[in-house]
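Structure, as structure tokens:
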Amino acid sequence: MLKGIVAGVALTLAVALIGAYLLVSSGFIPANADGKPIWLETWMAHTSLNATLRREAPKDPNPVALTDQNLMNGVHLFAQNCAVCHGSAKGVAALSPIAKGEYPPPPQLATDGVEDDPEGYSFWKIKHGIRLTGMPAFGYSLSDQDIWTLALFLKHMDKLPPAVQQTWQKVQNWPDIAANPVIQK
């Protein structure tokens, strides 16, 4: 009896694995960046990311002090590294050509916001990136101090002091071709 149960479980697993392989190798699961994901893909990505953040994201407070200068530094870091995908103060009203073509679409942070996320979550996402999205790992190009500064800006981007807000409003997510003769056609 036990031998039959074990054989049944093994056969079920083998059939499931072969079926999964055939499904993936048939091309029925979209690989294109402009295709709609199947529900299982979405569920797995969200579940895995949330579990990883709960386990690995720093839980200590942000070591970068909340000052106007640090927020201004965060705006500049965002403009240099993030705006092309995550947008400007205009949010979804002004997507860059890159953001329009990415899958999954990157959140436009001025509109979609991350102010309610713990800063440790933002730090982890920026440092390590997010697999199977366009979000790169910036831990290779930015210091932890820079990443914490970005996390500080993201946490407070909806309530910036006037001078910082004025600078944030000037951030562009795509080069202004008309104003830049090097880029003009």
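As shown in the structure tokens, the chain order sets the letters A, B, ...; within each chain, residues go from 1, and ligands are also counted from 1 in the order they appear.
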Picked from stretch 50-97 of chain A by DSSP as alpha helix (DSSP H), as a PyMOL selection string
chain A and resi 50-56+68-81+83-86+97
Suppose we keep N, CA and C atoms; can you now write the selection as an mmCIF file, in the first residue's frame?
data_model
loop_
_atom_site.group_PDB
_atom_site.id
_atom_site.type_symbol
_atom_site.label_atom_id
_atom_site.label_comp_id
_atom_site.auth_asym_id
_atom_site.auth_seq_id
_atom_site.Cartn_x
_atom_site.Cartn_y
_atom_site.Cartn_z
ATOM 1 N N ASN A 50 7.808 40.122 -1.586
ATOM 2 C CA ASN A 50 7.361 40.491 -0.240
ATOM 3 C C ASN A 50 8.036 39.655 0.839
ATOM 4 N N ALA A 51 8.188 38.370 0.607
ATOM 5 C CA ALA A 51 8.855 37.506 1.584
ATOM 6 C C ALA A 51 10.330 37.882 1.726
ATOM 7 N N THR A 52 10.982 38.179 0.606
ATOM 8 C CA THR A 52 12.388 38.567 0.641
ATOM 9 C C THR A 52 12.570 39.885 1.387
ATOM 10 N N LEU A 53 11.702 40.848 1.130
ATOM 11 C CA LEU A 53 11.805 42.133 1.829
ATOM 12 C C LEU A 53 11.604 41.967 3.328
ATOM 13 N N ARG A 54 10.613 41.162 3.727
ATOM 14 C CA ARG A 54 10.393 40.937 5.166
ATOM 15 C C ARG A 54 11.619 40.297 5.811
ATOM 16 N N ARG A 55 12.283 39.424 5.089
ATOM 17 C CA ARG A 55 13.426 38.704 5.647
ATOM 18 C C ARG A 55 14.727 39.500 5.569
ATOM 19 N N GLU A 56 14.984 40.206 4.454
ATOM 20 C CA GLU A 56 16.314 40.759 4.213
ATOM 21 C C GLU A 56 16.436 42.280 4.294
ATOM 22 N N ASP A 68 17.239 69.342 4.679
ATOM 23 C CA ASP A 68 16.973 69.852 3.330
ATOM 24 C C ASP A 68 18.089 69.458 2.364
ATOM 25 N N GLN A 69 19.335 69.525 2.824
ATOM 26 C CA GLN A 69 20.463 69.198 1.953
ATOM 27 C C GLN A 69 20.435 67.720 1.553
ATOM 28 N N ASN A 70 20.132 66.834 2.493
ATOM 29 C CA ASN A 70 20.073 65.407 2.157
ATOM 30 C C ASN A 70 18.907 65.108 1.208
ATOM 31 N N LEU A 71 17.776 65.799 1.397
ATOM 32 C CA LEU A 71 16.665 65.629 0.462
ATOM 33 C C LEU A 71 17.048 66.141 -0.927
ATOM 34 N N MET A 72 17.758 67.268 -0.975
ATOM 35 C CA MET A 72 18.221 67.814 -2.251
ATOM 36 C C MET A 72 19.181 66.827 -2.921
ATOM 37 N N ASN A 73 20.082 66.252 -2.139
ATOM 38 C CA ASN A 73 20.994 65.227 -2.679
ATOM 39 C C ASN A 73 20.198 64.043 -3.225
ATOM 40 N N GLY A 74 19.130 63.672 -2.532
ATOM 41 C CA GLY A 74 18.279 62.586 -2.999
ATOM 42 C C GLY A 74 17.612 62.902 -4.324
ATOM 43 N N VAL A 75 17.150 64.144 -4.492
ATOM 44 C CA VAL A 75 16.548 64.566 -5.764
ATOM 45 C C VAL A 75 17.569 64.419 -6.882
ATOM 46 N N HIS A 76 18.800 64.872 -6.639
ATOM 47 C CA HIS A 76 19.839 64.795 -7.679
ATOM 48 C C HIS A 76 20.182 63.340 -8.015
ATOM 49 N N LEU A 77 20.291 62.496 -6.996
ATOM 50 C CA LEU A 77 20.562 61.073 -7.243
ATOM 51 C C LEU A 77 19.418 60.437 -8.031
ATOM 52 N N PHE A 78 18.191 60.793 -7.681
ATOM 53 C CA PHE A 78 17.022 60.266 -8.391
ATOM 54 C C PHE A 78 17.053 60.703 -9.851
ATOM 55 N N ALA A 79 17.339 61.989 -10.086
ATOM 56 C CA ALA A 79 17.381 62.511 -11.455
ATOM 57 C C ALA A 79 18.427 61.772 -12.285
ATOM 58 N N GLN A 80 19.575 61.482 -11.695
ATOM 59 C CA GLN A 80 20.673 60.838 -12.420
ATOM 60 C C GLN A 80 20.458 59.346 -12.645
ATOM 61 N N ASN A 81 19.784 58.668 -11.730
ATOM 62 C CA ASN A 81 19.747 57.214 -11.765
ATOM 63 C C ASN A 81 18.359 56.602 -11.946
ATOM 64 N N ALA A 83 15.035 58.588 -12.714
ATOM 65 C CA ALA A 83 13.948 59.303 -13.390
ATOM 66 C C ALA A 83 13.604 58.723 -14.758
ATOM 67 N N VAL A 84 14.577 58.198 -15.472
ATOM 68 C CA VAL A 84 14.308 57.686 -16.815
ATOM 69 C C VAL A 84 13.259 56.567 -16.786
ATOM 70 N N CYS A 85 13.222 55.808 -15.719
ATOM 71 C CA CYS A 85 12.216 54.739 -15.592
ATOM 72 C C CYS A 85 11.064 55.136 -14.662
ATOM 73 N N HIS A 86 11.410 55.750 -13.516
ATOM 74 C CA HIS A 86 10.411 56.014 -12.476
ATOM 75 C C HIS A 86 9.818 57.410 -12.539
ATOM 76 N N PRO A 97 10.029 57.242 -22.998
ATOM 77 C CA PRO A 97 9.916 56.138 -23.950
ATOM 78 C C PRO A 97 10.392 54.808 -23.360
#
Closest to A:Ala33 among A:Gln165, A:Thr133, A:Ser143, A:Gln108, using only C-alpha atoms?
A:Thr133
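In this structure, atom CA of A:Gly27 sits 24.0 Å away from atom CA of A:Lys100.
Comparing A:Lys90, A:Phe123, A:Pro105, A:Val9 by their smallest distance to A:Leu152, the closest is A:Phe123 (using only C-alpha atoms).
Nearest residue to A:Ala151 among A:Ala89, A:Tyr103, A:Ala110, A:Asn62 is A:Asn62, counting only C-alpha atoms.
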Between atom CA of A:Trp124 and atom CA of A:Trp148, distance in Å (one decimal):
9.5 Å
Might you pull out every residue within 8 Å of A:Ala137, with only C-alpha atoms counted and same-chain residues fewer than 2 positions away left off, and present them as an mmCIF file with N, CA and C atoms, in the first residue's frame?
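out_2.cif written:
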data_model
loop_
_atom_site.group_PDB
_atom_site.id
_atom_site.type_symbol
_atom_site.label_atom_id
_atom_site.label_comp_id
_atom_site.auth_asym_id
_atom_site.auth_seq_id
_atom_site.Cartn_x
_atom_site.Cartn_y
_atom_site.Cartn_z
ATOM 1 N N LYS A 125 15.500 47.387 -2.316
ATOM 2 C CA LYS A 125 15.135 47.346 -3.739
ATOM 3 C C LYS A 125 16.169 48.081 -4.597
ATOM 4 N N ILE A 126 16.618 49.243 -4.120
ATOM 5 C CA ILE A 126 17.604 50.010 -4.885
ATOM 6 C C ILE A 126 18.939 49.276 -4.906
ATOM 7 N N LYS A 127 19.361 48.759 -3.784
ATOM 8 C CA LYS A 127 20.671 48.103 -3.696
ATOM 9 C C LYS A 127 20.720 46.802 -4.489
ATOM 10 N N HIS A 128 19.676 45.991 -4.391
ATOM 11 C CA HIS A 128 19.707 44.644 -4.967
ATOM 12 C C HIS A 128 18.923 44.487 -6.271
ATOM 13 N N GLY A 129 18.080 45.460 -6.607
ATOM 14 C CA GLY A 129 17.258 45.325 -7.800
ATOM 15 C C GLY A 129 16.147 44.308 -7.596
ATOM 16 N N ILE A 130 15.342 44.122 -8.608
ATOM 17 C CA ILE A 130 14.242 43.163 -8.528
ATOM 18 C C ILE A 130 14.291 42.282 -9.771
ATOM 19 N N MET A 135 14.312 46.608 -13.002
ATOM 20 C CA MET A 135 14.965 47.274 -11.865
ATOM 21 C C MET A 135 16.350 46.693 -11.629
ATOM 22 N N GLY A 139 23.636 48.541 -6.115
ATOM 23 C CA GLY A 139 24.672 48.321 -5.110
ATOM 24 C C GLY A 139 26.071 48.275 -5.696
ATOM 25 N N TYR A 140 26.168 48.082 -6.999
ATOM 26 C CA TYR A 140 27.472 48.042 -7.665
ATOM 27 C C TYR A 140 27.943 49.425 -8.096
#
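For the set A:Leu22, A:Leu154, A:Ile5, A:Ala99, the residue with the smallest atom-to-atom gap to A:Asp117 is A:Leu154, counting only C-alpha atoms.
Separating atom CA of A:Asp144 from atom CA of A:Lys59 is a distance of 14.7 Å.
Comparing A:Pro61, A:Thr12, A:Ala94, A:Gly113 by their smallest distance to A:Val171, the closest is A:Ala94 (using only C-alpha atoms).
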